[in-house]
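Enquirer: Take a look at the following structure, please.
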Amino acid sequence: KRSAATTSTSPGLLPISNPLQHKYHKQQQRQRKMKNYLVAAALLIGAGTTAAMSINADRRTFLTKSAATAAAISTSGGSLIANANAADDADPYADFTVTESGMKYKITKEGDGAIPLGGQTVRAHYTGWLDGFDSIRKFDSSRDRGRPFSFKVGAGQVIRGWDESFGTMKVGERRQIILPPRLAYGDRGAGGIIPGGATLYFDVELLSIL
């Protein structure tokens with residue numbers, strides 16, 4: 001005789017398990033599922049750790065490159081600032097011609113006429129400044145008055161720098177000239193407007209020889 005605990009079968013049907021066996025199989029299934037969950041969790045944790053390590057490595061690389069780039073920019077910026085300061089400190093009149101007397105001049109418009117001889121009368125336009133061309137310290141201008149100025153070249157009627165400059169200009173020529181005190185009004189100055197020892201800046205133009 002078969003024991004009551006044994007499995008019985010019916011034609012055409014699957015075997016019916018003993019209740020204890022059924023409970024044991026359920027526990028085995030739960031354990032396998034739990035094991036699978038733990039393996040999956042371990043894989044996810046491992047993947048996350050690997051990704052985090054990769055992100056941290058990329059971040060360290062980015063920070064290192066950023067620091068190097070910032071240092072390069074800082075160095076380059078320092079060089080640019082130094083070069084700009086050097087340019088500011090350079091002589092703004094380096095392109096002017098310097099004569100033996102110390103006068104500086106630059107031709108801003110070429111002339112095509114004659115050069116006046118000593119004693120000839122010329123007509124000229126001029127503007128004069130202290131402290132540089134186009135500064136706020138303009139002290140005189142025939143252009144502002146709309147009336148040219150006439151004088152004899154080389155006759156001592158004007159300051160020395162003017163005699164020297166106009167004595168070498170062609171009719172139609174325009175120049176910027178810089179006159180040290182000895183070629184202008186020296187240590188005495190003039191009229192309470194030009195102080196003693198002043199360097200003068202003129203924009204002069206030879207209009208004609210009379």
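Chain labels follow the order of the structure tokens: the first chain is A, the next B, and so on; residue numbering restarts at 1 in every chain, and ligands are counted from 1 in their shown order.
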Compile the contact shell of A:Arg174 as a list in words: residues with an atom at most 9 Å away, counting only C-alpha atoms, same-chain residues fewer than 2 positions apart removed.
Expert: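 Surrounding residues, per the criterion: Lys106, Ile107, Thr108, Lys109, Glu110, Gly111, Met169, Lys170, Val171, Gly172, Gln176, Asp203, Val204, Glu205, Leu206 and Leu207 of chain A.
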Enquirer: Env of A:Gly118: 10 Å cut, atoms = only C-alpha atoms, seq-sep filter 3 positions within chain, self excluded. Answer as a list in words.
Expert: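 In the requested form, the answer reads Ile115, Thr121, Lys152, Val153, Gly154, Ala155, Asp163, Phe166 and Gly167 of chain A.
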Enquirer: Do you have the atom CA of A:Pro116-atom CA of A:Arg143 distance handy?
Expert: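 Atom CA of A:Arg143 lies at a distance of 21.5 Å from atom CA of A:Pro116.
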Enquirer: Find, counting only C-alpha atoms, the residue in A:Pro92, A:Gly146, A:Gly113, A:Gly102 that gets nearest to A:Leu183.
Expert: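 So, comparing all the options, the nearest one is A:Gly102.
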Enquirer: Between A:Glu164, A:Gly192, A:Tyr126, A:Ala198, which one has atoms that come closest to A:Glu100, using only C-alpha atoms?
Expert: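 Looking at the shortest contact to A:Glu100, the residue is A:Glu164.
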